[in-house]
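The structure under discussion appears below in the form of structure tokens.
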Amino acid sequence: MLSKALLRLGASAARHPWRVIAAWLIAATLAVLAAVAFGGRTADSMTAPGLDSQRAAELIERAGTGQEGMTAQVVVTPLDDGATFFDDDDDGARTALTRLRTEVERLPHVLGTSDPAGALDAGGDTAVRGGLVSADGRIAVVRVQYPDQSRLSAEDLDALVELGDRLRPELPLRIEMGGNLFYAFSDPDGGASELIGLLAAAAILFLAFGSLVAAALPIGMAVFGLTVGVATMTVLAGVTEVPTFAPVLGSMVGLGVGIDYALFVLARHREYLARGLDPQAAAGRAVATAGRPVVFAGGTVVVSILGLAVANVPFMTVGGVAVSIVVLTMVLASVTLLPAFLGAAGPRLARVGRVGRVLRTRKPGRLARRDPAAGAARAAGWRRWIGHVSRHPVPYAVGAAALLLTATLPVLGLRVGLPDDGSLPPSRTERRAYDLVAEGFGPGTNGPLVIAADPAGDPGVLGRLVGAVAADPGIASVAPTHIDRATGIATLVVFPTTSPQDKATADTIARLRTDVLPTAIGHGPARAHVGGAAASLSDVGRRTSERLPVLVAAVLGMSFLLLMLVFRSVLVPLKAVLLNLLSIGAAYGIMVAVFQWGWGGALIGLEATVPIVSFIPMFLFAILFGLSMDYEVFLLSRVREEYLRTGDNGTAIVEGVSGTARIITSAALIMVAVFLSFAVADDPSTKMFGLGLATAILIDATVVRMVLVPATMTLLGRTNWWLPKWLDRTLPRGPVGTDDTDAESTGEAPRPRLADR
């Protein structure tokens with residue numbers, strides 16, 4: 001049985017703490033060494049099988065033009081306000097531009113570059129029409145072509161950036177850089193955010209326990225787990241492409257769940273110490289009781305995240321596996337490393353440090369004293385609140401539900417896409433390059449589309465295709481067609497009139513596919529597909545939006561069955577599923593209001609309104625539903641225990657919710673602090689993950705757990721625990737164990753069943 005196994009595991013770790021700690025030190029060292037020796041760098045490949053953009057990439061690859069690979073662009077403008085690239089001075093801007101291009105072409109893996117200076121020598125109109133020099137001659141673009149991503153690494157990006165740093169003092173040019181090479185290989189945000197999150201968590205833990213030792217143990221466990229988990233993720237990146245957001249998201253979720261899980265086990269351990277148990281026995285009991293919900297909740301998070309595979313988008317599947325590795329590591333650390341820490345700390349965890357005593361004996365009473373009367377006072381405060389809600393269930397249930405539904409309303413305006421470099425802060429060279437290109441050539445030049453066409457022997461199709469595309473109102477210009485002689489495949493680089501993240505660009509892509517290209521090609525064997533980074537991201541967004549209902553249905557169904565198994569009820573899991581949907585919907589709505597409408601965006605350093613990143617709603621749903629199950633299991637387990645003990649639904653609700661309120665709010669504060677520390681990162685995607693997770697957890701732990709749960713359970717009465725007899729006989733006993741078997745496996749006195757009274 002799981003309880004007995006966890007009891008033995010926790011007690012053994014507490015009896016031999018230094019062995020377990022040494023084993024984790026060795027595991028962390030080996031993981032880091034393996035990451036250094038065999039690990040890879042994260043990279044983004046926003047493609048998926050079956051998409052039109054993927055078919056375009058396959059055609060381009062067949063043609064061997066090199067346009068299927070990565071690109072970068074070096075954007076320059078003269079430092080002298082009066083100079084232009086039309087000038088032909090020996091030491092002027094055009095000469096410097098020629099040298100810059102020559103140096104870029106010498107970099108490793110560069111297949112070729114555009115030549116704005118050469119186009120100017122051939123005739124200024126050629127350079128302007130080719131999109132290489134702006135009409136006023138002030139801005140020039142050197143487009144750099146690399147091979148496909150599998151043959152590149154972050155070293156190629158480093159080489160380009162270092163070249164720019166070396167040439168800036170030598171040339172009379174302002175040099176900025178951008179392109180998808182930066183998107184693929186830039187280091188993700190995270191380091192400073194992780195530190196801020198850890199410090200905030202440490203402060204909350206200290207206030208919760210009043211002891212530096214007690215506060216340090218969850219932090220130490222989380223750091224160990226994060227080291228092993230992220231190092232393992234790095235090794236995975238050496239085998240397959242791990243998206244750049246995975247380490248950031250893994251750190252965010254790993255820190256949150258790791259400290260939360262440790263908090264629940266530590267709180268139960270201190271309860272057993274207060275009962276007079278020795279530290280080893282207390283640690284074993286704590287792992288056997290609190291560890292079971294940890295294993296269940298962690299498993300739910302992992303299963304939910306792995307459900308991302310239903311999207312059939314490879315980078316999302318791999319990203320989900322990478323984050324799951326970190327969560328599993330935290331679960332393992334909670335039931336092995338943490339009890340070892342508890343055993344090593346001994347009876348000191350039952351005491352409060354000097355600073356903690358000072359804080360807890362202040363007259364204002366904001367922090368309760370560390371004595372039984374103070375503990376009872378804290379519990380009494382929560383008991384009064386839950387009792388008040390239970391006495392007025394209808395207004396609280398209606399009011400809280402209305403509040404969450406109102407917060408959900410902005411979801412109706414949800415627009416998915418991918419924020420472009422224009423949403424980065426001006427301190428980033430990608431943003432400055434973006435602004436220069438938009439100023440000189442129009443916003444659509446930052447997100448060109450690549451149309452790949454196979455004429456299939458129809459000599460007139462390319463002419464019709466170019467004419468039809470150029471005539472579309474969403475297209476600003478069409479670059480000269482490149483035709484591969486061996487295959488006959490043609491590639492057209494076209495520039496939309498709108499920026500990559502603009503909804504009008506997605507509309508233009510859809511119009512090209514459904515109307516313009518089919519009309520130009522006719523019913524013959526020729527075919528054409530729209531590709532490029534903007535098209536790929538639009539396609540991935542559409543696919544994730546289509547597959548999101550499948551994921552939601554799968555996760556809801558799984559959660560309902562698991563909760564029914566655990567709590568032996570039909571209505572409790574149904575209510576839990578609906579309330580979790582409300583909190584997640586409210587979090588989505590707040591994200592739309594902040595990122596799309598700009599409400600309060602300045603508070604998190606948002607430079608401009610942006611669409612919601614296409615894959616984030618699906619990722620957030622999987623993670624948040626798993627995390628919200630943590631609180632659901634911890635809270636309802638206590639309510640179920642009280643109901644089995646008393647047989648009174650009202651008493652069970654008040655005692656169960658109030659008994660877990662302090663620990664749940666402390667855990668939620670820690671998670672919110674960790675997640676919000678990532679909401680101030682530079683990258684908009686990281687901001688969305690941080691704000692979305694923090695908002696949902698805050699809503700879940702306050703409005704849902706402390707208002708809606710007691711109100712709805714009061715309204716349902718004894719039917720909360722209704723389960724048809726035939727179903728009760730069919731279902732196996734739950735893995736969390738909310739009945740008498742808990743007490744038997746942990747050595748506690750069994751509680752009477754309802755049927756026994």
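Chain labels follow the order of the structure tokens: the first chain is A, the next B, and so on; residue numbering restarts at 1 in every chain, and ligands are counted from 1 in their shown order.
DSSP secondary structure from the backbone places Val416, Gly417, Leu449, Val450, Ile451, Ala452, Ala453, Asp454, Ile475, Ala476, Ser477, Val478, His482, Ile483, Ala490, Thr491, Leu492, Val493, Val494, Phe495, Pro496, Arg527, Ala528, His529, Val530 and Gly531 of chain A of stretch 387-549 of chain A in strand (DSSP E or B).
Using only C-alpha atoms, the smallest distance between any of A:Pro147, A:Ile21, A:Val674, A:Gly541 and A:Glu61 comes from A:Pro147.
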Problem set entry | Residue with smallest distance to A:Val540 - pool A:Ala576, A:Val592, A:Leu620, A:Ala48, counting only C-alpha atoms | A:Ala48
For this session: Find the residues near A:Ala554: any atom within 12 Å, counting only C-alpha atoms, skip ones fewer than 5 places away on the same chain, and give them as a PyMOL selection string.
Result: chain A and resi 303-311+547-549+559-561+621-622+625
Exercise. Which polymer residues have any atom within 8 Å of an atom of A:Leu517, counting only C-alpha atoms, with same-chain residues fewer than 2 positions away left out, as a PyMOL selection string?
Worked result: chain A and resi 465+468-469+512-515+519-521+528
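Using only C-alpha atoms, the residues found no farther than 12 Å from A:Pro172, other than those of its own chain fewer than 3 positions away, are Val76, Thr77, Pro78, Leu79, Asp80, Asp81, Ala83, Thr84, Phe85, Asp91, Gly92, Ala93, Arg94, Thr95, Ala96, Leu97, Arg99, Leu100, Leu167, Arg168, Pro169 and Ile175 of chain A.
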Exercise. So which bits of stretch 364-471 of chain A end up helix (DSSP H, G or I) when you DSSP the backbone, as a ChimeraX atom specification?
Worked result: /A:372-391,393-413,421-423,429-441,443-446,461-471
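Distances here use only C-alpha atoms; by that measure, the residue among A:Thr609, A:Gln596, A:Thr445, A:Asn720 closest to A:Gly413 is A:Gln596.
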Problem set entry | A:Met70 environment, 7 Å, only C-alpha atoms, sequence neighbours closer than 4 positions dropped, as number ranges by chain | A: 145-149, 180-181
